[in-house]
Amino acid sequence: MTIEDIIETLEKTDMPDSRIDAFITCAFLLKQLRPAEPNDFDGPHDYMPSSIKSEHGFLMARPFTHDVNHAIDLCKEVRPDAVWHLARGRQTADDSLYGAQLREVREDESILGEAESNHAALALTLAALRAHVRQEDEKRAGA
């Protein structure tokens with residue numbers, strides 16, 4: 001699953017997702033690994049579902065979409081040069097409860113990534129992932 005796939009999945013949901021947390025963990029922290037797939041079980045790796053899942057999600061996965069502190073860590077990992085903002089509030093009942101942004105630390109403080117969700121950690125995680133994609137696109141354009 002690519003970062004773009006993860007973003008697309010998170011845009012379609014408004015709930016924290018342990019499986020997505022596992023993909024994000026592998027993409028940024030455990031780059032040599034991937035989350036277990038269904039065909040890994042009872043196959044050559046002899047995984048048992050209980051050996052990779054914990055009560056909070058997949059083993060070794062950080063709960064980025066569940067826990068604001070881990071989402072903040074992701075922001076620092078993805079864009080250590082940026083500041084993050086997380087706000088709570090809505091103007092209408094249909095608005096998302098939380099909004100998040102990663103901004104450059106410069107005079108104009110341009111927005112690197114932003115997102116809204118009814119879950120604070122999910123909004124901040126999605127904003128960080130969008131900032132990462134923007135940075136990667138800028139690198140490719142400059143190369």
# chains A, B, ... in the order shown; residues from 1 in each chain; ligands from 1

$ closest_atom_pairs --of "range 94-118 of chain A" --to "range 75-87 of chain A" --cutoff "6 Å" --atoms "only C-alpha atoms" --output "JSON lines"
{"residue": "A:Tyr98", "atom": "CA", "partner": "A:Ala87", "partner_atom": "CA", "distance": 5.6}
{"residue": "A:Gly99", "atom": "CA", "partner": "A:Ala87", "partner_atom": "CA", "distance": 5.3}
{"residue": "A:Ala100", "atom": "CA", "partner": "A:Leu86", "partner_atom": "CA", "distance": 4.4}
{"residue": "A:Gln101", "atom": "CA", "partner": "A:His85", "partner_atom": "CA", "distance": 5.2}
{"residue": "A:Leu102", "atom": "CA", "partner": "A:Trp84", "partner_atom": "CA", "distance": 4.4}
{"residue": "A:Arg103", "atom": "CA", "partner": "A:Val83", "partner_atom": "CA", "distance": 5.3}
{"residue": "A:Glu104", "atom": "CA", "partner": "A:Ala82", "partner_atom": "CA", "distance": 4.8}
{"residue": "A:Val105", "atom": "CA", "partner": "A:Ala82", "partner_atom": "CA", "distance": 5.7}

$ residues_around --residues "Leu74 in chain A" --least-positions-apart "2" --cutoff "10 Å" --atoms "only C-alpha atoms" --output "MDAnalysis selection string"
chainID A and resid 24:25 28:29 62 64 68:72 76:80 124:125 128:129

$ atom_distance --atom1 "CA of Gln135 in chain A" --atom2 "CA of Ile111 in chain A"
11.6 Å

$ residues_around --residues "Leu122 in chain A" --least-positions-apart "4" --cutoff "8 Å" --atoms "only C-alpha atoms" --output "list in words"
Leu10, Asp14, Met15, Pro16, Phe64, Thr65, His66, Ala71, Ser117 and Leu126 of chain A

$ residues_around --residues "Glu136 in chain A" --least-positions-apart "4" --cutoff "12 Å" --atoms "only C-alpha atoms" --output "PyMOL selection string"
chain A and resi 3-4+78-79+112+129-132+140-143

$ write_last_selection --atoms "N, CA and C atoms" --output "mmCIF file, in the first residue's frame"
data_model
loop_
_atom_site.group_PDB
_atom_site.id
_atom_site.type_symbol
_atom_site.label_atom_id
_atom_site.label_comp_id
_atom_site.auth_asym_id
_atom_site.auth_seq_id
_atom_site.Cartn_x
_atom_site.Cartn_y
_atom_site.Cartn_z
ATOM 1 N N ILE A 3 1.720 5.461 0.128
ATOM 2 C CA ILE A 3 1.255 6.561 0.972
ATOM 3 C C ILE A 3 -0.017 7.166 0.375
ATOM 4 N N GLU A 4 -0.062 7.271 -0.940
ATOM 5 C CA GLU A 4 -1.262 7.797 -1.607
ATOM 6 C C GLU A 4 -2.471 6.899 -1.343
ATOM 7 N N VAL A 78 7.965 12.888 9.763
ATOM 8 C CA VAL A 78 7.722 13.229 8.365
ATOM 9 C C VAL A 78 8.328 14.578 8.003
ATOM 10 N N ARG A 79 8.086 15.572 8.818
ATOM 11 C CA ARG A 79 8.569 16.930 8.551
ATOM 12 C C ARG A 79 9.118 17.552 9.833
ATOM 13 N N LEU A 112 1.801 22.988 4.506
ATOM 14 C CA LEU A 112 2.399 21.830 3.848
ATOM 15 C C LEU A 112 1.395 20.698 3.687
ATOM 16 N N LEU A 129 0.719 12.986 6.461
ATOM 17 C CA LEU A 129 0.910 12.200 5.247
ATOM 18 C C LEU A 129 0.808 13.081 3.999
ATOM 19 N N ARG A 130 -0.122 14.020 3.999
ATOM 20 C CA ARG A 130 -0.236 14.947 2.869
ATOM 21 C C ARG A 130 1.006 15.829 2.757
ATOM 22 N N ALA A 131 1.563 16.248 3.890
ATOM 23 C CA ALA A 131 2.801 17.041 3.873
ATOM 24 C C ALA A 131 3.950 16.216 3.311
ATOM 25 N N HIS A 132 3.996 14.945 3.670
ATOM 26 C CA HIS A 132 5.041 14.054 3.148
ATOM 27 C C HIS A 132 4.931 13.917 1.628
ATOM 28 N N ARG A 140 10.850 15.389 -6.483
ATOM 29 C CA ARG A 140 10.841 14.846 -7.841
ATOM 30 C C ARG A 140 10.828 15.961 -8.881
ATOM 31 N N ALA A 141 10.093 17.028 -8.617
ATOM 32 C CA ALA A 141 10.017 18.152 -9.554
ATOM 33 C C ALA A 141 11.347 18.883 -9.656
ATOM 34 N N GLY A 142 12.085 18.922 -8.535
ATOM 35 C CA GLY A 142 13.381 19.601 -8.506
ATOM 36 C C GLY A 142 14.519 18.771 -9.048
ATOM 37 N N ALA A 143 14.311 17.480 -9.177
ATOM 38 C CA ALA A 143 15.399 16.580 -9.616
ATOM 39 C C ALA A 143 15.601 16.591 -11.108
#

$ atom_distance --atom1 "CA of Asp21 in chain A" --atom2 "CA of Ile6 in chain A"
9.3 Å

$ select_by_dssp --residues "chain A" --states "helix (DSSP H, G or I)" --output "PyMOL selection string"
chain A and resi 3-12+18-28+38-40+49-52+68-78+120-142

$ write_last_selection --atoms "C-alpha atoms" --output "mmCIF file, in the first residue's frame"
data_model
loop_
_atom_site.group_PDB
_atom_site.id
_atom_site.type_symbol
_atom_site.label_atom_id
_atom_site.label_comp_id
_atom_site.auth_asym_id
_atom_site.auth_seq_id
_atom_site.Cartn_x
_atom_site.Cartn_y
_atom_site.Cartn_z
ATOM 1 C CA ILE A 3 1.255 6.561 0.972
ATOM 2 C CA GLU A 4 -1.262 7.797 -1.607
ATOM 3 C CA ASP A 5 -3.352 4.641 -1.025
ATOM 4 C CA ILE A 6 -3.214 5.229 2.726
ATOM 5 C CA ILE A 7 -4.334 8.841 2.274
ATOM 6 C CA GLU A 8 -7.181 7.759 0.005
ATOM 7 C CA THR A 9 -8.313 5.168 2.559
ATOM 8 C CA LEU A 10 -8.212 7.670 5.424
ATOM 9 C CA GLU A 11 -10.138 10.242 3.371
ATOM 10 C CA LYS A 12 -12.973 7.736 2.961
ATOM 11 C CA SER A 18 -5.181 -0.326 13.111
ATOM 12 C CA ARG A 19 -4.393 -1.847 9.722
ATOM 13 C CA ILE A 20 -3.558 1.590 8.306
ATOM 14 C CA ASP A 21 -1.434 2.251 11.398
ATOM 15 C CA ALA A 22 0.562 -0.864 10.506
ATOM 16 C CA PHE A 23 1.151 0.363 6.951
ATOM 17 C CA ILE A 24 2.239 3.802 8.202
ATOM 18 C CA THR A 25 4.604 2.221 10.733
ATOM 19 C CA CYS A 26 6.228 0.143 8.001
ATOM 20 C CA ALA A 27 6.439 3.104 5.610
ATOM 21 C CA PHE A 28 8.228 5.413 8.043
ATOM 22 C CA PRO A 38 -3.925 -12.977 4.936
ATOM 23 C CA ASN A 39 -1.900 -15.444 2.848
ATOM 24 C CA ASP A 40 0.916 -15.253 5.414
ATOM 25 C CA PRO A 49 -3.333 -14.218 13.869
ATOM 26 C CA SER A 50 -2.768 -13.876 17.606
ATOM 27 C CA SER A 51 0.989 -13.523 17.085
ATOM 28 C CA ILE A 52 0.708 -10.292 15.087
ATOM 29 C CA VAL A 68 -2.626 12.191 19.236
ATOM 30 C CA ASN A 69 0.796 11.728 20.837
ATOM 31 C CA HIS A 70 1.757 9.168 18.196
ATOM 32 C CA ALA A 71 0.326 11.382 15.448
ATOM 33 C CA ILE A 72 2.566 14.192 16.731
ATOM 34 C CA ASP A 73 5.534 11.813 16.565
ATOM 35 C CA LEU A 74 4.620 11.092 12.940
ATOM 36 C CA CYS A 75 4.571 14.828 12.184
ATOM 37 C CA LYS A 76 8.071 15.113 13.641
ATOM 38 C CA GLU A 77 9.251 12.090 11.650
ATOM 39 C CA VAL A 78 7.722 13.229 8.365
ATOM 40 C CA ALA A 120 -7.973 14.403 16.372
ATOM 41 C CA ALA A 121 -5.260 11.801 15.795
ATOM 42 C CA LEU A 122 -6.649 10.853 12.395
ATOM 43 C CA ALA A 123 -6.749 14.519 11.281
ATOM 44 C CA LEU A 124 -3.147 15.090 12.362
ATOM 45 C CA THR A 125 -1.955 11.830 10.777
ATOM 46 C CA LEU A 126 -3.642 12.653 7.489
ATOM 47 C CA ALA A 127 -2.159 16.171 7.486
ATOM 48 C CA ALA A 128 1.323 14.704 8.077
ATOM 49 C CA LEU A 129 0.910 12.200 5.247
ATOM 50 C CA ARG A 130 -0.236 14.947 2.869
ATOM 51 C CA ALA A 131 2.801 17.041 3.873
ATOM 52 C CA HIS A 132 5.041 14.054 3.148
ATOM 53 C CA VAL A 133 3.529 13.535 -0.311
ATOM 54 C CA ARG A 134 3.930 17.230 -1.091
ATOM 55 C CA GLN A 135 7.582 17.114 -0.038
ATOM 56 C CA GLU A 136 8.235 14.026 -2.184
ATOM 57 C CA ASP A 137 6.520 15.660 -5.173
ATOM 58 C CA GLU A 138 8.674 18.772 -4.733
ATOM 59 C CA LYS A 139 11.826 16.622 -4.616
ATOM 60 C CA ARG A 140 10.841 14.846 -7.841
ATOM 61 C CA ALA A 141 10.017 18.152 -9.554
ATOM 62 C CA GLY A 142 13.381 19.601 -8.506
#
